[in-house]
Every structure is written in C-alpha cells, then in structure tokens.
>>> print(open('coords23.txt').read())   # compact mmCIF, C-alpha atoms
# COMPACT_ATOMS: atom_id res chain seq x y z
CA MET V 1 45.57 55.83 -5.87
CA LYS V 2 46.51 52.97 -3.53
CA LYS V 3 43.07 53.06 -1.92
CA ILE V 4 41.39 53.10 -5.32
CA LEU V 5 43.38 50.06 -6.44
CA PHE V 6 42.79 48.29 -3.14
CA TYR V 7 39.01 48.80 -3.14
CA SER V 8 38.79 47.98 -6.83
CA PHE V 9 40.52 44.69 -6.08
CA LEU V 10 38.07 43.96 -3.23
CA ILE V 11 35.04 44.89 -5.34
CA PHE V 12 36.23 42.65 -8.17
CA TRP V 13 36.60 39.58 -5.96
CA THR V 14 33.32 40.36 -4.19
CA ILE V 15 31.54 40.28 -7.52
CA ILE V 16 33.28 37.01 -8.41
CA PHE V 17 32.16 35.53 -5.08
CA LEU V 18 28.57 36.77 -5.25
CA TYR V 19 27.95 36.03 -8.93
CA PRO V 20 26.93 32.35 -8.49
CA PHE V 21 24.35 33.29 -5.84
CA LEU V 22 22.97 36.16 -7.87
CA TRP V 23 22.83 33.95 -10.95
CA MET V 24 20.97 31.25 -9.02
CA ILE V 25 18.34 33.69 -7.80
CA SER V 26 18.04 35.22 -11.25
CA ALA V 27 17.62 31.79 -12.85
CA THR V 28 14.62 31.06 -10.63
CA LEU V 29 12.86 34.17 -11.94
CA ARG V 30 13.48 33.74 -15.67
CA PRO V 31 11.95 31.45 -18.30
CA GLU V 32 13.46 27.97 -18.52
CA ALA V 33 14.87 28.62 -22.00
CA GLU V 34 17.00 31.54 -20.76
CA ILE V 35 18.67 29.78 -17.84
CA GLY V 36 21.69 28.70 -19.87
CA GLY V 37 22.96 32.26 -20.27
CA PHE V 38 25.53 34.02 -18.09
CA GLY V 39 23.52 37.17 -17.51
CA ILE V 40 21.82 37.86 -14.20
CA ILE V 41 19.13 40.24 -15.43
CA PRO V 42 16.09 38.28 -16.70
CA SER V 43 14.16 39.50 -19.71
CA SER V 44 10.93 38.79 -17.84
CA ILE V 45 10.20 37.88 -14.23
CA SER V 46 8.13 34.82 -13.42
CA LEU V 47 7.43 32.98 -10.15
CA LYS V 48 6.40 29.80 -11.97
CA SER V 49 9.41 27.83 -10.67
CA TYR V 50 8.57 28.64 -7.06
CA TRP V 51 4.91 27.83 -7.64
CA THR V 52 5.89 24.44 -9.07
CA VAL V 53 7.97 23.66 -5.96
CA PHE V 54 5.07 24.47 -3.65
CA GLN V 55 2.72 22.35 -5.74
CA LYS V 56 4.91 19.24 -5.99
CA ILE V 57 6.29 18.90 -2.45
CA PRO V 58 5.14 19.94 1.06
CA ILE V 59 7.91 22.52 1.32
CA ILE V 60 6.20 24.53 4.09
CA ARG V 61 5.78 21.44 6.29
CA ALA V 62 9.42 20.51 5.66
CA PHE V 63 10.45 24.08 6.54
CA LEU V 64 8.59 23.89 9.86
CA ASN V 65 10.15 20.48 10.58
CA SER V 66 13.65 21.81 9.91
CA LEU V 67 12.97 24.91 11.98
CA PHE V 68 11.77 22.84 14.93
CA VAL V 69 14.64 20.35 14.78
CA ALA V 70 17.35 23.00 14.28
CA THR V 71 15.94 25.18 17.06
CA MET V 72 15.71 22.34 19.58
CA VAL V 73 19.23 21.11 18.78
CA THR V 74 20.60 24.65 18.99
CA LEU V 75 19.03 25.24 22.40
CA GLY V 76 20.31 21.89 23.63
CA VAL V 77 23.84 22.55 22.40
CA ILE V 78 23.93 25.99 24.02
CA VAL V 79 22.71 24.67 27.39
CA PHE V 80 24.65 21.41 27.66
CA SER V 81 27.85 22.53 25.91
CA SER V 82 28.05 25.66 28.05
CA MET V 83 27.69 23.50 31.17
CA ILE V 84 30.52 21.22 30.04
CA GLY V 85 32.63 24.20 28.95
CA TYR V 86 32.12 25.85 32.33
CA SER V 87 33.14 22.71 34.22
CA LEU V 88 36.29 22.35 32.10
CA ALA V 89 37.19 26.02 32.50
CA ARG V 90 36.33 26.78 36.13
CA LEU V 91 35.88 23.58 38.14
CA ASP V 92 38.67 21.42 39.53
CA PHE V 93 38.09 17.66 39.47
CA ARG V 94 40.11 14.52 38.90
CA GLY V 95 40.60 13.61 35.25
CA LYS V 96 39.81 17.10 33.99
CA LYS V 97 42.75 17.29 31.57
CA PHE V 98 42.15 13.75 30.35
CA MET V 99 38.50 14.51 29.69
CA PHE V 100 39.35 17.67 27.77
CA GLY V 101 41.89 15.74 25.71
CA LEU V 102 39.30 13.06 25.02
CA ILE V 103 36.83 15.70 23.84
CA LEU V 104 39.48 17.16 21.55
CA PHE V 105 40.20 13.68 20.18
CA THR V 106 36.57 13.19 19.18
CA MET V 107 36.95 16.09 16.74
CA THR V 108 39.33 13.96 14.68
CA LEU V 109 36.76 11.19 14.20
CA PRO V 110 34.70 11.47 11.01
CA PHE V 111 30.95 11.23 11.33
CA GLN V 112 30.88 8.08 9.18
CA ILE V 113 32.66 6.04 11.89
CA THR V 114 29.82 6.47 14.38
CA LEU V 115 27.06 6.40 11.78
CA ILE V 116 26.18 2.69 12.00
CA PRO V 117 26.44 2.37 15.83
CA GLN V 118 24.35 5.51 16.19
CA TYR V 119 21.69 4.17 13.82
CA ILE V 120 21.57 0.88 15.77
CA LEU V 121 20.96 2.86 18.95
CA MET V 122 18.11 4.74 17.30
CA VAL V 123 16.54 1.42 16.27
CA LYS V 124 16.97 -0.04 19.79
CA PHE V 125 15.35 3.04 21.34
CA HIS V 126 12.55 2.96 18.72
CA TRP V 127 13.36 6.55 17.77
CA THR V 128 13.47 6.05 14.01
CA GLU V 129 10.68 7.88 12.17
CA THR V 130 10.55 10.41 15.03
CA PHE V 131 12.11 13.81 15.64
CA LEU V 132 14.01 12.35 18.61
CA ALA V 133 16.43 10.67 16.20
CA LEU V 134 17.17 14.06 14.64
CA ILE V 135 17.53 15.96 17.91
CA ILE V 136 19.00 13.83 20.73
CA PRO V 137 22.26 12.67 19.02
CA PHE V 138 23.31 16.24 18.24
CA MET V 139 22.55 18.03 21.52
CA VAL V 140 26.22 18.09 22.60
CA ASN V 141 28.80 19.57 20.25
CA THR V 142 32.57 19.36 20.63
CA PHE V 143 33.30 22.67 18.92
CA ALA V 144 30.74 24.42 21.13
CA ILE V 145 32.33 22.95 24.27
CA ILE V 146 35.77 24.20 23.26
CA LEU V 147 34.50 27.64 22.29
CA PHE V 148 32.62 28.05 25.57
CA ARG V 149 35.64 26.85 27.53
CA GLN V 150 37.95 29.32 25.82
CA HIS V 151 35.50 32.17 26.35
CA PHE V 152 34.83 31.32 30.01
CA LEU V 153 38.57 31.35 30.72
CA THR V 154 38.59 35.07 29.87
CA ILE V 155 36.09 35.91 32.64
CA PRO V 156 37.86 37.09 35.85
CA GLN V 157 38.06 34.54 38.65
CA ASP V 158 37.29 37.28 41.21
CA LEU V 159 33.78 37.52 39.81
CA ILE V 160 33.24 33.81 40.43
CA ASP V 161 34.70 33.96 43.93
CA ALA V 162 32.43 36.88 44.84
CA ALA V 163 29.39 34.99 43.56
CA ARG V 164 30.33 31.89 45.58
CA ILE V 165 30.77 33.99 48.72
CA ASP V 166 27.24 35.34 48.17
CA GLY V 167 25.97 31.76 48.11
CA CYS V 168 25.47 31.27 44.37
CA SER V 169 25.46 27.71 43.11
CA GLU V 170 27.50 26.71 40.07
CA PHE V 171 24.35 26.61 37.94
CA ARG V 172 23.41 30.12 39.02
CA ILE V 173 26.92 31.37 38.29
CA LEU V 174 26.74 29.88 34.82
CA PHE V 175 23.25 30.97 33.82
CA GLN V 176 22.98 34.32 35.63
CA ILE V 177 26.57 35.59 35.48
CA PHE V 178 28.43 33.85 32.68
CA TRP V 179 25.65 33.76 30.11
CA PRO V 180 24.97 37.54 30.15
CA LEU V 181 28.73 38.10 29.70
CA SER V 182 28.93 35.56 26.86
CA VAL V 183 26.30 36.75 24.40
CA PRO V 184 28.68 36.81 21.39
CA ALA V 185 29.87 33.26 22.13
CA ILE V 186 26.31 32.02 22.61
CA ILE V 187 25.18 33.59 19.33
CA THR V 188 28.20 32.15 17.52
CA VAL V 189 27.46 28.65 18.80
CA GLY V 190 23.81 29.17 17.92
CA ILE V 191 24.55 30.26 14.34
CA ILE V 192 27.04 27.47 13.64
CA THR V 193 24.82 24.80 15.20
CA PHE V 194 21.69 26.02 13.46
CA MET V 195 23.45 26.14 10.08
CA THR V 196 24.95 22.67 10.57
CA ILE V 197 21.67 21.03 11.58
CA TRP V 198 19.68 22.91 8.96
CA ASN V 199 21.97 21.67 6.17
CA GLU V 200 22.18 18.07 7.43
CA VAL V 201 21.02 15.58 4.78
CA LEU V 202 22.68 12.19 5.30
CA TRP V 203 21.41 11.43 8.80
CA PRO V 204 17.76 12.39 8.11
CA LEU V 205 17.84 10.24 4.97
CA ILE V 206 18.80 7.26 7.14
CA VAL V 207 16.39 7.62 10.07
CA ILE V 208 13.39 9.39 8.51
CA HIS V 209 11.32 8.02 5.62
CA GLU V 210 7.86 9.43 6.29
CA ARG V 211 7.32 12.46 4.09
CA ASN V 212 5.51 14.48 6.76
CA LEU V 213 8.55 14.18 9.06
CA MET V 214 11.22 15.02 6.48
CA THR V 215 13.40 18.07 6.96
CA MET V 216 13.73 20.68 4.25
CA PRO V 217 17.23 19.68 3.00
CA GLN V 218 16.16 16.04 2.92
CA LEU V 219 12.97 16.78 0.98
CA VAL V 220 14.74 19.12 -1.46
CA THR V 221 17.44 16.50 -2.07
CA ILE V 222 14.86 13.82 -2.84
CA PHE V 223 12.94 16.29 -4.99
CA VAL V 224 15.97 17.24 -7.07
CA VAL V 225 17.70 13.84 -7.29
CA GLY V 226 14.61 11.68 -7.37
CA GLY V 227 13.24 13.15 -10.59
CA GLN V 228 10.22 15.03 -9.23
CA ALA V 229 11.65 18.24 -10.65
CA GLU V 230 11.31 16.66 -14.12
CA GLY V 231 14.70 18.00 -15.19
CA LEU V 232 13.61 21.64 -14.92
CA MET V 233 16.66 23.62 -13.80
CA GLY V 234 14.61 26.62 -12.70
CA VAL V 235 12.53 24.46 -10.36
CA LYS V 236 15.63 22.82 -8.88
CA LEU V 237 17.27 26.19 -8.28
CA ALA V 238 14.06 27.56 -6.76
CA ALA V 239 14.05 24.71 -4.23
CA ALA V 240 17.73 25.35 -3.46
CA THR V 241 17.05 29.08 -3.00
CA LEU V 242 14.21 28.40 -0.56
CA LEU V 243 16.53 26.08 1.35
CA ALA V 244 19.37 28.63 1.61
CA LEU V 245 17.24 31.69 2.36
CA PRO V 246 16.66 31.15 6.13
CA ILE V 247 20.38 30.63 6.76
CA ILE V 248 21.30 33.75 4.81
CA ILE V 249 18.77 35.82 6.75
CA ALA V 250 19.89 34.44 10.14
CA TYR V 251 23.57 35.06 9.44
CA SER V 252 22.89 38.57 8.12
CA ILE V 253 21.16 39.47 11.37
CA PHE V 254 23.73 37.99 13.78
CA GLN V 255 27.00 38.34 11.86
CA ARG V 256 28.25 41.18 14.08
CA TYR V 257 28.13 38.95 17.17
CA PHE V 258 29.68 36.08 15.22
CA ILE V 259 32.71 38.17 14.22
CA GLU V 260 33.01 39.63 17.73
CA SER V 261 33.13 36.18 19.29
CA MET V 262 35.73 34.94 16.82
CA ALA V 263 37.89 37.93 17.72
CA THR V 264 37.63 37.52 21.49
CA SER V 265 37.59 33.76 22.03
CA GLY V 266 41.15 33.04 20.91
CA LEU V 267 39.98 31.51 17.63
CA LYS V 268 40.64 32.88 14.18
CA SER V 269 37.78 33.28 11.75
>>> encode(input="coords23.txt", output="structure tokens")
Amino acid sequence: MKKILFYSFLIFWTIIFLYPFLWMISATLRPEAEIGGFGIIPSSISLKSYWTVFQKIPIIRAFLNSLFVATMVTLGVIVFSSMIGYSLARLDFRGKKFMFGLILFTMTLPFQITLIPQYILMVKFHWTETFLALIIPFMVNTFAIILFRQHFLTIPQDLIDAARIDGCSEFRILFQIFWPLSVPAIITVGIITFMTIWNEVLWPLIVIHERNLMTMPQLVTIFVVGGQAEGLMGVKLAAATLLALPIIIAYSIFQRYFIESMATSGLKS
C-alpha cells in the first residue's frame, strides 16, 4: 500500500509537471478556435501552424545558425575550461588560490554588468554582425572550470606521476588520460553550455541585426513579439515548440551521463 501511494503521488506530480508541455504541443496541432480549452487531445490534427512558421520566417537558416554557434561555443568551453580546470586542480604555481577565488567571484557578477563593456569591445574589434560576437565571448565558462576542477581532483595523483615519468606533457596528460576518464563531466558541461547558448536571446539581439545571421531564439522572439505571428496563438506555440525540440532531444539522449556527473563531481543536482 505504501508503494502504491508513493508511486501515485509521483505520477500525479509528473502529470502536473508535463501538462504544460503536452498542452503546448497539442495546441500547435489543433484549430485556432480550440486552443483556449484545457484538453490535450485535439478534435482534428493540422500542421497549418508549423507551415505558417516556415513560410513567414527563415526558421531553418536560424536553426543552422544556432546549431553552429552553440556547437562552436560548446567545443571551446570544453577545451579551454578543461585546461584551466586541470591547471587549478593539478599544477602548482604562484597565485593559484587567488586565481581560483577570483574565478569564483566572477560567478556573483550578473551578466548585465559586463554587457556594455563587452558590446564596446565587439564594436572595437568590428565583430558585430558576425558570428564571432556570438562565439568568442562565451568560450570560457566559470561553472565549467569549477566542475572540471572538482572532477579532476578525484583522479589519482599516481596516474599523473606515472604519465610524467613516461615523458607525457601536461597537454597529453589532459587530453589523452584525463579526458577519457572524464566523459560524464565533459557531457555535462556540453549539455549545460549548449542549452545556455541555444536559449540566449539578449546578447544576439544586441550584436546581430541581419536576418540571415540571427539565431533561432532571437528570430522566434522577434517573430512572436514583433507581430509577424499576427496574434495567432497556434503559430506562436509552434515556433516555441520548434525552438525547444532540439534541447529536449539532446537532453533525452545524454541525461544518463549528466546525472552520473552530478553524482560524482561533488555537486548536487
């Protein structure tokens, strides 16, 4: 009886949690006049809302732009943040503790504080209206540095000493020894970074104005807020569904590694 009550409780709250997502997907498939209801089973299925989105905005081009930007930033964060995390975890140098404390301090600063100075730098470098403005400023991530550092501290020092005796450089130790032992941490950093960059709206709105260079969240935001959707709720929800779908698929595939890393890196999910 206790198990029945326990699982009934979990199922109830799962339904409560999933209902808005299911309703959103259902609303994109039903006639506009039926969207106001609470039901999730449409009387008839229509792809008109999705067709309207593809007709009105270059959603495929925006998808490819977002995919390119998010992928490049994710790769950069994994490479550079793992290098910094390795140096903070396994190398001894003057000012190491101060540098780690400074990195921790940057986590307390809101993004809005550095927004204007960062934009001025993009203008000075002539990177506005280019993908460089969307990629370069985000290629080092504080959370990724800390997660890699915590994970690298769990790897035995004897393994590093043996590699150094065999003549391995620090780069070889990192990329050929630490990386294969840190797959869950790498995937976790990859998922979080990819999701963060994929959902970024404010910064692209500031540095990108050419429609062919816009990312998917930026284009969908302009489409919904700017009036191109013509007040049609089904069309707005269809654009939002297309925006959320890649993230849902990516997390569904890699969630096992994400949970494993959270359990072994000293952080709580």
>>> residues_around(input="coords23.txt", residues="stretch 134-137 of chain V", least_positions_apart="2", cutoff="8 Å", atoms="all atoms listed in the file", output="ChimeraX atom specification")
/V:69-70,72-73,118,130-132,139-140,203-204,207
>>> axis_aligned_box(input="coords23.txt", around="stretch 1-16 of chain V", padding_each_side="6 Å", output="lines of an AutoDock Vina configuration file")
center_x = 39.0
center_y = 46.4
center_z = -5.2
size_x = 27.0
size_y = 30.8
size_z = 18.5
>>> closest_atom_pairs(input="coords23.txt", of="stretch 64-142 of chain V", to="stretch 238-250 of chain V", cutoff="12 Å", atoms="all atoms listed in the file", output="JSON lines")
{"residue": "V:Leu64", "atom": "CA", "partner": "V:Pro246", "partner_atom": "CA", "distance": 11.5}
{"residue": "V:Ser66", "atom": "CA", "partner": "V:Leu243", "partner_atom": "CA", "distance": 10.0}
{"residue": "V:Leu67", "atom": "CA", "partner": "V:Pro246", "partner_atom": "CA", "distance": 9.3}
{"residue": "V:Ala70", "atom": "CA", "partner": "V:Ile247", "partner_atom": "CA", "distance": 11.1}
>>> atom_distance(input="coords23.txt", atom1="atom CA of V:Gly234", atom2="atom CA of V:Asn65")
24.5 Å
>>> closest_residue(input="coords23.txt", among="V:Leu232, V:Arg90, V:Ile60, V:Gly36", to="V:Lys48", atoms="only C-alpha atoms")
V:Leu232
>>> closest_residue(input="coords23.txt", among="V:Leu91, V:Ala144, V:Leu104, V:Ile4", to="V:Phe194", atoms="all atoms listed in the file")
V:Ala144
>>> residues_near_point(input="coords23.txt", point="(26.8, 24.3, 29.1)", cutoff="10 Å", atoms="only C-alpha atoms", output="list in words")
Gly76, Val77, Ile78, Val79, Phe80, Ser81, Ser82, Met83, Ile84, Gly85, Tyr86, Ser87, Val140, Ala144, Ile145, Phe148, Arg149, Phe171, Leu174, Phe175 and Trp179 of chain V
>>> atom_distance(input="coords23.txt", atom1="atom CA of V:Thr74", atom2="atom CA of V:Ile192")
8.8 Å
>>> closest_residue(input="coords23.txt", among="V:Thr14, V:Thr128, V:Thr28, V:Thr142", to="V:Thr108", atoms="all atoms listed in the file")
V:Thr142
>>> atom_distance(input="coords23.txt", atom1="atom CA of V:Leu102", atom2="atom CA of V:Met122")
24.0 Å
>>> residues_around(input="coords23.txt", residues="V:Ile103", least_positions_apart="2", cutoff="10 Å", atoms="all atoms listed in the file", output="ChimeraX atom specification")
/V:97-101,105-108,141-143,145-146
>>> closest_residue(input="coords23.txt", among="V:Val224, V:Ala89, V:Arg94, V:Ile120", to="V:Gln157", atoms="all atoms listed in the file")
V:Ala89
>>> closest_residue(input="coords23.txt", among="V:Ile173, V:Tyr19, V:Ile160, V:Lys56", to="V:Phe38", atoms="only C-alpha atoms")
V:Tyr19
>>> residues_around(input="coords23.txt", residues="V:Ser182", least_positions_apart="3", cutoff="8 Å", atoms="only C-alpha atoms", output="list in words")
His151, Phe152, Phe178, Trp179, Ala185 and Ile186 of chain V
>>> closest_residue(input="coords23.txt", among="V:Asp158, V:Pro20, V:Val225, V:Pro58", to="V:Ile40", atoms="all atoms listed in the file")
V:Pro20
>>> build_atoms(input="coords23.txt", residues="stretch 78-102 of chain V", atoms="N, CA, C and O atoms", output="PDB file, in the frame of the given file")
ATOM      1  N   ILE V  78      23.553  24.823  23.217  1.00  0.00           N
ATOM      2  CA  ILE V  78      23.930  25.990  24.020  1.00  0.00           C
ATOM      3  C   ILE V  78      23.896  25.662  25.511  1.00  0.00           C
ATOM      4  O   ILE V  78      24.826  26.007  26.263  1.00  0.00           O
ATOM      5  N   VAL V  79      22.849  24.973  25.957  1.00  0.00           N
ATOM      6  CA  VAL V  79      22.710  24.670  27.390  1.00  0.00           C
ATOM      7  C   VAL V  79      23.751  23.653  27.838  1.00  0.00           C
ATOM      8  O   VAL V  79      24.548  23.905  28.760  1.00  0.00           O
ATOM      9  N   PHE V  80      23.793  22.500  27.191  1.00  0.00           N
ATOM     10  CA  PHE V  80      24.650  21.410  27.660  1.00  0.00           C
ATOM     11  C   PHE V  80      26.134  21.681  27.376  1.00  0.00           C
ATOM     12  O   PHE V  80      26.998  21.373  28.207  1.00  0.00           O
ATOM     13  N   SER V  81      26.439  22.246  26.227  1.00  0.00           N
ATOM     14  CA  SER V  81      27.850  22.530  25.910  1.00  0.00           C
ATOM     15  C   SER V  81      28.403  23.627  26.787  1.00  0.00           C
ATOM     16  O   SER V  81      29.580  23.599  27.162  1.00  0.00           O
ATOM     17  N   SER V  82      27.583  24.612  27.137  1.00  0.00           N
ATOM     18  CA  SER V  82      28.050  25.660  28.050  1.00  0.00           C
ATOM     19  C   SER V  82      28.295  25.088  29.446  1.00  0.00           C
ATOM     20  O   SER V  82      29.236  25.502  30.138  1.00  0.00           O
ATOM     21  N   MET V  83      27.472  24.136  29.871  1.00  0.00           N
ATOM     22  CA  MET V  83      27.690  23.500  31.170  1.00  0.00           C
ATOM     23  C   MET V  83      29.006  22.727  31.188  1.00  0.00           C
ATOM     24  O   MET V  83      29.789  22.824  32.150  1.00  0.00           O
ATOM     25  N   ILE V  84      29.267  21.976  30.113  1.00  0.00           N
ATOM     26  CA  ILE V  84      30.520  21.220  30.040  1.00  0.00           C
ATOM     27  C   ILE V  84      31.703  22.171  29.924  1.00  0.00           C
ATOM     28  O   ILE V  84      32.745  21.976  30.571  1.00  0.00           O
ATOM     29  N   GLY V  85      31.555  23.213  29.089  1.00  0.00           N
ATOM     30  CA  GLY V  85      32.630  24.200  28.950  1.00  0.00           C
ATOM     31  C   GLY V  85      32.942  24.903  30.254  1.00  0.00           C
ATOM     32  O   GLY V  85      34.113  25.158  30.575  1.00  0.00           O
ATOM     33  N   TYR V  86      31.910  25.205  31.038  1.00  0.00           N
ATOM     34  CA  TYR V  86      32.120  25.850  32.330  1.00  0.00           C
ATOM     35  C   TYR V  86      32.862  24.928  33.283  1.00  0.00           C
ATOM     36  O   TYR V  86      33.789  25.352  33.996  1.00  0.00           O
ATOM     37  N   SER V  87      32.468  23.655  33.320  1.00  0.00           N
ATOM     38  CA  SER V  87      33.140  22.710  34.220  1.00  0.00           C
ATOM     39  C   SER V  87      34.604  22.531  33.847  1.00  0.00           C
ATOM     40  O   SER V  87      35.472  22.414  34.725  1.00  0.00           O
ATOM     41  N   LEU V  88      34.908  22.510  32.538  1.00  0.00           N
ATOM     42  CA  LEU V  88      36.290  22.350  32.100  1.00  0.00           C
ATOM     43  C   LEU V  88      37.113  23.615  32.326  1.00  0.00           C
ATOM     44  O   LEU V  88      38.336  23.547  32.483  1.00  0.00           O
ATOM     45  N   ALA V  89      36.466  24.757  32.355  1.00  0.00           N
ATOM     46  CA  ALA V  89      37.190  26.020  32.500  1.00  0.00           C
ATOM     47  C   ALA V  89      37.354  26.440  33.955  1.00  0.00           C
ATOM     48  O   ALA V  89      38.400  26.991  34.322  1.00  0.00           O
ATOM     49  N   ARG V  90      36.334  26.177  34.793  1.00  0.00           N
ATOM     50  CA  ARG V  90      36.330  26.780  36.130  1.00  0.00           C
ATOM     51  C   ARG V  90      36.224  25.811  37.292  1.00  0.00           C
ATOM     52  O   ARG V  90      36.357  26.227  38.445  1.00  0.00           O
ATOM     53  N   LEU V  91      35.975  24.535  37.049  1.00  0.00           N
ATOM     54  CA  LEU V  91      35.880  23.580  38.140  1.00  0.00           C
ATOM     55  C   LEU V  91      37.116  22.704  38.180  1.00  0.00           C
ATOM     56  O   LEU V  91      37.698  22.396  37.142  1.00  0.00           O
ATOM     57  N   ASP V  92      37.521  22.307  39.362  1.00  0.00           N
ATOM     58  CA  ASP V  92      38.670  21.420  39.530  1.00  0.00           C
ATOM     59  C   ASP V  92      38.167  20.029  39.939  1.00  0.00           C
ATOM     60  O   ASP V  92      37.485  19.874  40.961  1.00  0.00           O
ATOM     61  N   PHE V  93      38.494  19.028  39.159  1.00  0.00           N
ATOM     62  CA  PHE V  93      38.090  17.660  39.470  1.00  0.00           C
ATOM     63  C   PHE V  93      39.106  16.706  38.836  1.00  0.00           C
ATOM     64  O   PHE V  93      39.841  17.059  37.904  1.00  0.00           O
ATOM     65  N   ARG V  94      39.161  15.513  39.368  1.00  0.00           N
ATOM     66  CA  ARG V  94      40.110  14.520  38.900  1.00  0.00           C
ATOM     67  C   ARG V  94      39.778  14.085  37.464  1.00  0.00           C
ATOM     68  O   ARG V  94      38.626  13.821  37.145  1.00  0.00           O
ATOM     69  N   GLY V  95      40.794  14.019  36.640  1.00  0.00           N
ATOM     70  CA  GLY V  95      40.600  13.610  35.250  1.00  0.00           C
ATOM     71  C   GLY V  95      40.169  14.723  34.332  1.00  0.00           C
ATOM     72  O   GLY V  95      39.759  14.464  33.196  1.00  0.00           O
ATOM     73  N   LYS V  96      40.271  15.955  34.780  1.00  0.00           N
ATOM     74  CA  LYS V  96      39.810  17.100  33.990  1.00  0.00           C
ATOM     75  C   LYS V  96      40.600  17.227  32.685  1.00  0.00           C
ATOM     76  O   LYS V  96      40.023  17.385  31.607  1.00  0.00           O
ATOM     77  N   LYS V  97      41.926  17.152  32.769  1.00  0.00           N
ATOM     78  CA  LYS V  97      42.750  17.290  31.570  1.00  0.00           C
ATOM     79  C   LYS V  97      42.537  16.110  30.614  1.00  0.00           C
ATOM     80  O   LYS V  97      42.508  16.286  29.387  1.00  0.00           O
ATOM     81  N   PHE V  98      42.398  14.925  31.190  1.00  0.00           N
ATOM     82  CA  PHE V  98      42.150  13.750  30.350  1.00  0.00           C
ATOM     83  C   PHE V  98      40.821  13.879  29.616  1.00  0.00           C
ATOM     84  O   PHE V  98      40.721  13.552  28.426  1.00  0.00           O
ATOM     85  N   MET V  99      39.799  14.357  30.310  1.00  0.00           N
ATOM     86  CA  MET V  99      38.500  14.510  29.690  1.00  0.00           C
ATOM     87  C   MET V  99      38.535  15.545  28.570  1.00  0.00           C
ATOM     88  O   MET V  99      37.940  15.343  27.499  1.00  0.00           O
ATOM     89  N   PHE V 100      39.241  16.643  28.812  1.00  0.00           N
ATOM     90  CA  PHE V 100      39.350  17.670  27.770  1.00  0.00           C
ATOM     91  C   PHE V 100      40.108  17.128  26.564  1.00  0.00           C
ATOM     92  O   PHE V 100      39.724  17.388  25.411  1.00  0.00           O
ATOM     93  N   GLY V 101      41.161  16.358  26.817  1.00  0.00           N
ATOM     94  CA  GLY V 101      41.890  15.740  25.710  1.00  0.00           C
ATOM     95  C   GLY V 101      41.042  14.759  24.945  1.00  0.00           C
ATOM     96  O   GLY V 101      41.123  14.665  23.710  1.00  0.00           O
ATOM     97  N   LEU V 102      40.193  14.012  25.673  1.00  0.00           N
ATOM     98  CA  LEU V 102      39.300  13.060  25.020  1.00  0.00           C
ATOM     99  C   LEU V 102      38.277  13.781  24.144  1.00  0.00           C
ATOM    100  O   LEU V 102      37.962  13.330  23.035  1.00  0.00           O
TER     101      LEU V 102
END
